[in-house]
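Data block for work.txt (compact mmCIF, C-alpha atoms and all ligand atoms):
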# COMPACT_ATOMS: atom_id res chain seq x y z
CA MET Y 186 0.00 0.00 0.00
CA LEU Y 187 1.19 3.50 -0.78
CA VAL Y 188 1.65 5.83 2.17
CA SER Y 189 2.04 9.56 2.62
CA ALA Y 190 5.66 10.61 3.16
CA LYS Y 191 4.78 12.55 6.34
CA GLU Y 192 5.42 9.89 8.95
CA MET Y 193 8.59 8.48 7.36
CA LEU Y 194 10.07 11.98 7.06
CA GLU Y 195 9.25 12.98 10.61
CA LYS Y 196 10.88 9.77 11.83
CA ALA Y 197 13.91 10.49 9.65
CA ARG Y 198 14.20 14.06 10.94
CA ASP Y 199 14.00 12.86 14.54
CA GLY Y 200 16.38 9.96 13.94
CA LYS Y 201 18.89 12.13 12.02
CA TYR Y 202 18.85 10.21 8.77
CA ALA Y 203 17.26 10.88 5.38
CA VAL Y 204 14.86 8.93 3.17
CA GLY Y 205 15.91 8.65 -0.47
CA GLN Y 206 13.64 9.76 -3.26
CA PHE Y 207 14.61 7.81 -6.35
CA ASN Y 208 13.02 8.85 -9.63
CA ILE Y 209 11.39 6.20 -11.79
CA ASN Y 210 11.13 6.01 -15.57
CA ASN Y 211 9.69 2.59 -16.28
CA LEU Y 212 9.01 -0.87 -14.88
CA GLU Y 213 12.69 -1.82 -14.51
CA TRP Y 214 13.47 1.32 -12.48
CA THR Y 215 10.47 0.83 -10.24
CA LYS Y 216 11.15 -2.85 -9.60
CA ALA Y 217 14.87 -2.30 -8.92
CA ILE Y 218 14.18 0.48 -6.40
CA LEU Y 219 11.35 -1.32 -4.60
CA LEU Y 220 13.32 -4.57 -4.27
CA THR Y 221 16.36 -2.75 -2.92
CA ALA Y 222 14.33 -0.80 -0.36
CA GLN Y 223 12.72 -4.06 0.76
CA GLU Y 224 16.08 -5.87 0.92
CA MET Y 225 17.45 -3.06 3.11
CA ASN Y 226 14.29 -2.66 5.16
CA SER Y 227 14.24 1.03 4.28
CA PRO Y 228 11.35 3.40 3.64
CA VAL Y 229 11.48 4.81 0.13
CA ILE Y 230 9.97 7.53 -2.03
CA LEU Y 231 9.43 6.95 -5.74
CA GLY Y 232 9.68 10.27 -7.59
CA VAL Y 233 7.83 10.87 -10.86
CA SER Y 234 8.56 14.03 -12.82
CA CYS Y 235 5.94 15.42 -15.20
CA GLY Y 236 8.10 14.28 -18.12
CA ALA Y 237 8.52 10.75 -16.75
CA GLY Y 238 4.78 10.57 -16.05
CA LYS Y 239 4.09 11.47 -19.66
CA TYR Y 240 6.70 8.98 -20.89
CA MET Y 241 5.02 6.22 -18.89
CA THR Y 242 1.77 7.18 -20.68
CA GLY Y 243 0.23 9.09 -17.79
CA PHE Y 244 0.02 9.38 -14.01
CA LYS Y 245 -2.82 6.85 -13.77
CA THR Y 246 -0.72 4.18 -15.47
CA VAL Y 247 2.13 4.98 -13.08
CA ALA Y 248 -0.07 4.75 -9.98
CA SER Y 249 -1.58 1.44 -11.11
CA MET Y 250 1.81 -0.03 -12.00
CA VAL Y 251 3.39 0.98 -8.70
CA SER Y 252 0.47 -0.20 -6.57
CA SER Y 253 0.26 -3.55 -8.35
CA MET Y 254 4.00 -4.03 -8.16
CA ILE Y 255 3.98 -3.41 -4.41
CA ASP Y 256 1.39 -6.20 -4.09
CA ASP Y 257 3.01 -8.64 -6.51
CA LEU Y 258 6.50 -8.19 -5.04
CA LYS Y 259 5.11 -8.34 -1.48
CA ILE Y 260 6.78 -5.07 -0.56
CA THR Y 261 6.15 -4.30 3.10
CA VAL Y 262 8.40 -1.25 3.66
CA PRO Y 263 6.67 2.16 3.51
CA VAL Y 264 6.53 3.46 -0.07
CA ALA Y 265 5.37 6.94 -1.08
CA LEU Y 266 4.57 7.69 -4.71
CA HIS Y 267 5.54 11.32 -5.13
CA LEU Y 268 5.06 13.83 -7.94
CA ASP Y 269 8.44 15.51 -8.48
CA HIS Y 270 8.61 19.22 -9.44
CA GLY Y 271 4.92 19.23 -10.24
CA THR Y 272 3.19 22.01 -12.10
CA TYR Y 273 -0.01 23.29 -10.52
CA GLU Y 274 -2.10 21.27 -13.01
CA ALA Y 275 -0.03 18.10 -12.58
CA CYS Y 276 -0.62 18.26 -8.81
CA TYR Y 277 -4.36 17.90 -9.38
CA ASP Y 278 -3.82 15.13 -11.96
CA CYS Y 279 -1.68 13.14 -9.51
CA ILE Y 280 -4.11 13.64 -6.64
CA ASP Y 281 -6.76 12.21 -8.96
CA ALA Y 282 -4.55 9.38 -10.15
CA GLY Y 283 -3.90 8.07 -6.62
CA PHE Y 284 -0.41 9.39 -5.80
CA SER Y 285 0.29 9.49 -2.07
CA SER Y 286 2.55 12.53 -2.12
CA ILE Y 287 2.84 15.69 -4.20
CA MET Y 288 5.48 18.30 -4.88
CA PHE Y 289 4.23 21.65 -6.08
CA ASP Y 290 7.18 23.48 -7.57
CA GLY Y 291 6.05 27.08 -7.48
CA SER Y 292 9.59 28.38 -7.20
CA HIS Y 293 9.42 30.18 -10.55
CA TYR Y 294 6.33 32.18 -9.51
CA PRO Y 295 6.54 35.44 -7.59
CA ILE Y 296 6.49 34.44 -3.90
CA GLU Y 297 2.93 35.75 -3.40
CA GLU Y 298 1.66 33.44 -6.13
CA ASN Y 299 3.74 30.52 -4.86
CA ILE Y 300 2.13 31.09 -1.42
CA GLU Y 301 -1.39 31.34 -2.82
CA LYS Y 302 -1.16 28.16 -4.90
CA THR Y 303 0.69 26.21 -2.19
CA LYS Y 304 -1.99 27.23 0.33
CA GLU Y 305 -4.72 25.83 -1.88
CA LEU Y 306 -2.82 22.55 -2.30
CA VAL Y 307 -2.14 22.28 1.46
CA LYS Y 308 -5.90 22.27 2.01
CA ILE Y 309 -6.66 19.57 -0.53
CA CYS Y 310 -3.67 17.38 0.41
CA LYS Y 311 -4.67 17.57 4.08
CA GLU Y 312 -8.23 16.56 3.23
CA LYS Y 313 -6.95 13.56 1.29
CA GLY Y 314 -4.14 12.56 3.67
CA LEU Y 315 -1.36 13.24 1.15
CA SER Y 316 2.02 14.76 1.91
CA LEU Y 317 2.98 17.97 0.14
CA GLU Y 318 6.41 19.36 -0.73
CA ALA Y 319 6.92 23.01 -1.65
CA GLU Y 320 9.97 24.76 -3.10
CA VAL Y 321 11.56 28.12 -2.41
CA GLY Y 322 14.63 29.49 -4.19
CA SER Y 323 15.59 27.21 -7.04
CA ILE Y 324 17.64 24.17 -7.91
CA GLY Y 325 20.23 24.97 -10.57
CA GLY Y 326 20.51 23.12 -13.87
CA GLU Y 327 17.78 21.27 -15.70
CA GLU Y 328 15.67 18.22 -14.98
CA ASP Y 329 13.06 17.09 -17.47
CA GLY Y 330 12.54 20.59 -18.80
CA VAL Y 331 12.45 22.19 -15.31
CA ILE Y 332 15.19 24.80 -15.46
CA GLY Y 333 16.41 26.63 -12.37
CA MET Y 334 18.84 29.50 -11.93
CA GLY Y 335 20.11 28.03 -8.66
CA GLU Y 336 19.46 31.05 -6.48
CA CYS Y 337 19.64 30.32 -2.76
CA ALA Y 338 16.35 30.47 -0.88
CA ASP Y 339 15.35 33.49 1.18
CA PRO Y 340 14.83 32.11 4.74
CA ASN Y 341 11.91 34.49 5.38
CA GLU Y 342 10.14 33.25 2.25
CA CYS Y 343 10.79 29.69 3.43
CA LYS Y 344 9.04 30.53 6.69
CA SER Y 345 6.04 31.98 4.86
CA ILE Y 346 5.67 28.74 2.88
CA ALA Y 347 6.39 26.44 5.85
CA ASP Y 348 3.78 28.26 7.95
CA LEU Y 349 1.12 27.23 5.41
CA GLY Y 350 1.41 23.68 6.74
CA VAL Y 351 3.30 21.88 3.99
CA THR Y 352 4.83 18.53 4.97
CA MET Y 353 8.35 19.26 3.72
CA LEU Y 354 10.26 22.07 2.15
CA ALA Y 355 12.83 22.10 -0.65
CA ALA Y 356 15.05 25.15 -0.31
CA GLY Y 357 17.64 26.06 -2.93
CA ILE Y 358 21.03 25.94 -1.19
CA GLY Y 359 23.36 25.94 -4.17
CA ASN Y 360 22.33 22.43 -5.21
CA ILE Y 361 22.10 21.55 -8.91
CA HIS Y 362 20.26 18.92 -10.96
CA GLY Y 363 22.50 16.60 -12.95
CA LYS Y 364 26.29 16.38 -12.70
CA TYR Y 365 28.03 19.06 -10.62
CA PRO Y 366 30.56 21.16 -12.56
CA ALA Y 367 34.20 20.99 -11.47
CA ASN Y 368 34.06 24.59 -10.21
CA TRP Y 369 30.90 24.06 -8.08
CA PRO Y 370 31.46 25.87 -4.78
CA GLY Y 371 29.49 23.30 -2.74
CA LEU Y 372 26.25 23.51 -0.77
CA SER Y 373 25.54 26.71 1.09
CA PHE Y 374 25.33 25.49 4.68
CA GLU Y 375 24.93 29.07 5.75
CA THR Y 376 21.64 29.22 3.83
CA LEU Y 377 20.58 25.80 5.11
CA ALA Y 378 21.22 26.80 8.73
CA ALA Y 379 19.36 30.09 8.26
CA VAL Y 380 16.39 28.28 6.69
CA LYS Y 381 16.34 25.74 9.51
CA GLU Y 382 16.40 28.53 12.05
CA LYS Y 383 13.25 30.01 10.47
CA VAL Y 384 11.28 26.82 9.77
CA GLY Y 385 12.09 24.91 12.96
CA ASN Y 386 11.11 21.26 12.76
CA MET Y 387 9.97 21.16 9.14
CA PRO Y 388 11.67 18.24 7.30
CA LEU Y 389 13.88 19.73 4.58
CA VAL Y 390 14.48 18.27 1.14
CA LEU Y 391 17.79 18.22 -0.72
CA HIS Y 392 17.37 18.01 -4.48
CA GLY Y 393 20.19 17.28 -6.92
CA GLY Y 394 21.48 14.34 -4.84
CA THR Y 395 23.68 13.03 -7.68
CA GLY Y 396 27.36 13.55 -6.97
CA ILE Y 397 27.15 15.51 -3.71
CA PRO Y 398 30.20 14.50 -1.62
CA GLU Y 399 29.45 12.27 1.37
CA ASP Y 400 30.58 14.75 4.01
CA MET Y 401 28.19 17.38 2.61
CA ILE Y 402 25.31 14.87 2.61
CA LYS Y 403 25.99 14.06 6.26
CA LYS Y 404 26.25 17.71 7.24
CA ALA Y 405 23.01 18.50 5.40
CA ILE Y 406 21.24 15.70 7.32
CA SER Y 407 22.59 17.07 10.60
CA LEU Y 408 21.03 20.44 9.68
CA GLY Y 409 17.51 19.09 9.12
CA VAL Y 410 17.51 17.47 5.67
CA ALA Y 411 15.24 14.41 5.88
CA LYS Y 412 14.69 13.63 2.19
CA ILE Y 413 17.31 13.48 -0.56
CA ASN Y 414 16.42 13.22 -4.24
CA VAL Y 415 18.51 11.14 -6.60
CA ASN Y 416 17.78 10.78 -10.28
CA THR Y 417 20.72 11.27 -12.67
CA GLU Y 418 23.00 8.87 -10.79
CA CYS Y 419 20.67 5.91 -11.46
CA GLN Y 420 20.44 6.93 -15.11
CA LEU Y 421 24.24 7.10 -15.46
CA ALA Y 422 24.66 3.72 -13.75
CA PHE Y 423 21.99 2.13 -15.97
CA ALA Y 424 23.55 3.57 -19.14
CA ALA Y 425 27.10 2.48 -18.23
CA ALA Y 426 26.06 -1.10 -17.41
CA THR Y 427 23.98 -1.38 -20.59
CA ARG Y 428 26.83 0.04 -22.69
CA LYS Y 429 29.26 -2.48 -21.19
CA TYR Y 430 26.89 -5.39 -21.97
CA ILE Y 431 26.56 -4.30 -25.59
CA GLU Y 432 30.23 -3.42 -26.07
CA GLU Y 433 31.15 -6.89 -24.81
CA GLY Y 434 28.88 -8.29 -27.53
CA LYS Y 435 26.66 -10.07 -25.00
CA ASP Y 436 23.53 -9.09 -26.89
CA LEU Y 437 24.84 -11.15 -29.81
CA GLU Y 438 25.45 -14.31 -27.77
CA GLY Y 439 22.54 -16.77 -27.62
CA LYS Y 440 19.38 -14.93 -26.64
CA GLY Y 441 21.33 -12.00 -25.22
CA PHE Y 442 19.15 -9.62 -27.21
CA ASP Y 443 16.07 -10.62 -25.19
CA PRO Y 444 15.09 -7.44 -23.32
CA ARG Y 445 14.83 -9.44 -20.11
CA LYS Y 446 18.55 -10.14 -20.48
CA LEU Y 447 19.58 -6.90 -22.16
CA LEU Y 448 18.07 -4.73 -19.42
CA ALA Y 449 19.26 -6.88 -16.51
CA PRO Y 450 22.75 -5.36 -16.02
CA GLY Y 451 21.21 -1.86 -15.98
CA SER Y 452 18.67 -2.96 -13.38
CA GLU Y 453 21.43 -4.42 -11.22
CA ALA Y 454 23.37 -1.15 -11.55
CA ILE Y 455 20.33 0.82 -10.34
CA LYS Y 456 20.02 -1.53 -7.37
CA GLU Y 457 23.67 -1.01 -6.48
CA THR Y 458 23.30 2.79 -6.69
CA VAL Y 459 20.18 2.74 -4.52
CA ARG Y 460 21.92 0.45 -2.00
CA GLU Y 461 24.86 2.87 -1.70
CA LYS Y 462 22.55 5.85 -1.22
CA ILE Y 463 20.37 4.11 1.38
CA ASN Y 464 23.52 3.27 3.33
CA LEU Y 465 24.84 6.81 3.02
CA PHE Y 466 21.54 8.41 3.98
CA GLY Y 467 21.21 6.10 7.01
CA SER Y 468 17.69 4.82 6.28
CA ALA Y 469 18.58 1.08 6.19
CA GLY Y 470 16.68 -0.86 8.83
CA LYS Y 471 14.35 2.10 9.52
CA ALA Y 472 11.20 0.76 7.86
O1 LIG V 501 14.02 16.11 -8.27
C1 LIG V 501 14.89 15.25 -8.47
C2 LIG V 501 16.25 15.49 -8.14
O2 LIG V 501 16.46 16.67 -7.50
C3 LIG V 501 17.34 14.65 -8.62
O3 LIG V 501 18.51 15.36 -8.96
O4 LIG V 501 19.22 14.19 -11.01
O5 LIG V 501 20.77 15.62 -9.77
O6 LIG V 501 20.08 13.45 -8.81
P1 LIG V 501 19.70 14.61 -9.67
ZN ZN V 502 14.77 18.12 -8.07
Write the structure described by the file as structure tokens, please.
Amino acid sequence: MLVSAKEMLEKARDGKYAVGQFNINNLEWTKAILLTAQEMNSPVILGVSCGAGKYMTGFKTVASMVSSMIDDLKITVPVALHLDHGTYEACYDCIDAGFSSIMFDGSHYPIEENIEKTKELVKICKEKGLSLEAEVGSIGGEEDGVIGMGECADPNECKSIADLGVTMLAAGIGNIHGKYPANWPGLSFETLAAVKEKVGNMPLVLHGGTGIPEDMIKKAISLGVAKINVNTECQLAFAAATRKYIEEGKDLEGKGFDPRKLLAPGSEAIKETVREKINLFGSAGKA
């Protein structure tokens, strides 16, 4: 059964660890992530961007696939199905489709409009028992057409959004989607501490989890980050393993071209990436 992310994130915040959000793109991704979370007895959040939702033919298909897979695989750890960087319209579509958690990314709106729209979504998510993530400031780089300038969040604006009653808050702290450039100055812990100071106990979300050095991840968790999003790293791992399989000519041996064989090394690579992240974030054994 899908659950809201509220309880797992509050437990993570109190226990000083973080729950991983791993983005899904298809059946292989979903299965690899669910099996790894189960194997490690860890709560998990499956992220679905608007683009990935469209690719998988629609949010309803995604919700049915994930719910059925949880049953068929006998997954017992808490799983939240979460809209990632949702537009205002997509939030309503996912609420309708049966998602258990929503992110409204209103970071590109003027703050007044971000507040107004977030407020409306707080009301409906509370009525339906769904968790809601809001964003202030922006995440640099690009993810599925969502482009951010990477400006650090204003702590006072974070407080205005947190006070609306959202479940979790993503604040831009110099984090970037995709690979970090060599000259990246690192996360702004000054901003993170100032945001925490203003929003108190609110679980914070760190986007752009791919490639952030381990010490920074640990420091971010110590400053209130309870959810960390990882997307690109699974994609890179899948692509590298699939490339290796093909370059070694394995698709030409026997029935190596069968998609169940061809996609297997990529699935294993996703599992390994998720395993590493769950260990790093400290959520193993916390289901
Ligand atoms: O919303 C999803 C993420 O923030 C993932 O970022 O692709 O850099 O790991 P990433
Ligand atoms: Zn993100």
Go through chain Y and flag each residue having an atom no more than 8 Å from ligand ZN 502 (chain V); for those, report the closest pair of atoms plus their distance in Å to one decimal, using all atoms listed in the file, ordered by chain and rising number, as a tab-separated table.
residue	atom	partner	partner_atom	distance
Y:Asp269	CA	V:ZN502	ZN	6.9
Y:His270	CA	V:ZN502	ZN	6.4
Y:Ile324	CA	V:ZN502	ZN	6.7
Y:Glu328	CA	V:ZN502	ZN	7.0
Y:His362	CA	V:ZN502	ZN	6.3
Y:Leu391	CA	V:ZN502	ZN	7.9
Y:His392	CA	V:ZN502	ZN	4.4
Y:Gly393	CA	V:ZN502	ZN	5.6
Y:Asn414	CA	V:ZN502	ZN	6.4
Tell me, as a PyMOL selection string, which residues lie within 12 Å of Gly238 of chain Y, counting all atoms listed in the file; anything in the same chain fewer than 4 positions away does not count. chain Y and resi 208-211+231-234+242-248+250+266-271+275-276+278-279+282+284+329
Which residues are close to Gly322 of chain Y, i.e. within 12 Å by only C-alpha atoms, leaving aside same-chain residues fewer than 6 positions away? Reply as JSON, numbers by chain. {"Y": [290, 291, 292, 293, 294, 295, 296, 299, 333, 334, 335, 336, 337, 338, 339, 340, 341, 342, 343, 346, 354, 355, 356, 357, 358, 359, 360, 361, 376, 377, 380, 392]}
Find, counting only C-alpha atoms and all ligand atoms, the residue in Y:Val251, Y:Ala422, Y:Leu258, Y:Val351 that gets nearest to ligand LIG 501 (chain V).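 Looking only at the distances to ligand LIG 501 (chain V), the closest residue turns out to be Y:Ala422.
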Residue among Y:Tyr240, Y:Tyr277, Y:Tyr365, Y:Phe289 lying closest to ligand LIG 501 (chain V), counting all atoms listed in the file: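 Among the listed residues, the smallest separation from ligand LIG 501 (chain V) belongs to Y:Tyr365.
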Which residue of Y:Ser227, Y:Thr395, Y:Ser407, Y:Thr261 approaches Asn464 of chain Y most closely, using only C-alpha atoms: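 Answer, going by the shortest atom-to-atom distance: Y:Ser227.
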Quick one: residues within 12 Å of Pro398 of chain Y, all atoms listed in the file counted, chain neighbours fewer than 3 positions away excluded, as a PyMOL selection string? chain Y and resi 360+364-365+369-372+393-395+401-405+462+465-466
Have a look at Y:Gln223, Y:Thr303, Y:Ser252, Y:Ser285 and name the one nearest to Ala347 of chain Y; count all atoms listed in the file.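 Residue with the minimum atom-to-atom distance to Ala347 of chain Y: Y:Thr303.
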Proximity to ligand LIG 501 (chain V) - best of Y:Pro388, Y:Gly200, Y:Gly363, Y:Pro263, all atoms listed in the file: Y:Gly363
Coordinates-based distance that separates atom CA of Ile463 of chain Y from atom C2 of ligand LIG 501 (chain V) (Å, one decimal):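 Atom-to-atom, atom C2 of ligand LIG 501 (chain V) to atom CA of Ile463 of chain Y, that is 15.4 Å.
With distances restricted to only C-alpha atoms, Y:Lys196 is the closest residue to Ala472 of chain Y from Y:Lys429, Y:Lys191, Y:Lys196, Y:Lys308.
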Distance in Å - atom CA of Ala367 of chain Y versus atom CA of Ile397 of chain Y: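 Taking atom CA of Ala367 of chain Y as the start and atom CA of Ile397 of chain Y as the end point, the length is 11.8 Å.
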Please, which residues are within 12 Å of (19.4, -7.4, -17.1) by the file's coordinates, counting all atoms listed in the file, and could they come as a PDB file with C-alpha atoms, keeping the file's coordinate frame?
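Now in part_21.pdb:
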ATOM      1  CA  GLU Y 213      12.690  -1.820 -14.510  1.00  0.00           C
ATOM      2  CA  TRP Y 214      13.470   1.320 -12.480  1.00  0.00           C
ATOM      3  CA  ALA Y 217      14.870  -2.300  -8.920  1.00  0.00           C
ATOM      4  CA  PHE Y 423      21.990   2.130 -15.970  1.00  0.00           C
ATOM      5  CA  ALA Y 424      23.550   3.570 -19.140  1.00  0.00           C
ATOM      6  CA  ALA Y 426      26.060  -1.100 -17.410  1.00  0.00           C
ATOM      7  CA  THR Y 427      23.980  -1.380 -20.590  1.00  0.00           C
ATOM      8  CA  ARG Y 428      26.830   0.040 -22.690  1.00  0.00           C
ATOM      9  CA  LYS Y 429      29.260  -2.480 -21.190  1.00  0.00           C
ATOM     10  CA  TYR Y 430      26.890  -5.390 -21.970  1.00  0.00           C
ATOM     11  CA  ILE Y 431      26.560  -4.300 -25.590  1.00  0.00           C
ATOM     12  CA  LYS Y 435      26.660 -10.070 -25.000  1.00  0.00           C
ATOM     13  CA  ASP Y 436      23.530  -9.090 -26.890  1.00  0.00           C
ATOM     14  CA  GLY Y 441      21.330 -12.000 -25.220  1.00  0.00           C
ATOM     15  CA  PHE Y 442      19.150  -9.620 -27.210  1.00  0.00           C
ATOM     16  CA  ASP Y 443      16.070 -10.620 -25.190  1.00  0.00           C
ATOM     17  CA  PRO Y 444      15.090  -7.440 -23.320  1.00  0.00           C
ATOM     18  CA  ARG Y 445      14.830  -9.440 -20.110  1.00  0.00           C
ATOM     19  CA  LYS Y 446      18.550 -10.140 -20.480  1.00  0.00           C
ATOM     20  CA  LEU Y 447      19.580  -6.900 -22.160  1.00  0.00           C
ATOM     21  CA  LEU Y 448      18.070  -4.730 -19.420  1.00  0.00           C
ATOM     22  CA  ALA Y 449      19.260  -6.880 -16.510  1.00  0.00           C
ATOM     23  CA  PRO Y 450      22.750  -5.360 -16.020  1.00  0.00           C
ATOM     24  CA  GLY Y 451      21.210  -1.860 -15.980  1.00  0.00           C
ATOM     25  CA  SER Y 452      18.670  -2.960 -13.380  1.00  0.00           C
ATOM     26  CA  GLU Y 453      21.430  -4.420 -11.220  1.00  0.00           C
ATOM     27  CA  ALA Y 454      23.370  -1.150 -11.550  1.00  0.00           C
ATOM     28  CA  ILE Y 455      20.330   0.820 -10.340  1.00  0.00           C
ATOM     29  CA  LYS Y 456      20.020  -1.530  -7.370  1.00  0.00           C
TER      30      LYS Y 456
END
Computed gap from atom CA of Glu297 of chain Y to atom CA of Ala265 of chain Y is 29.0 Å
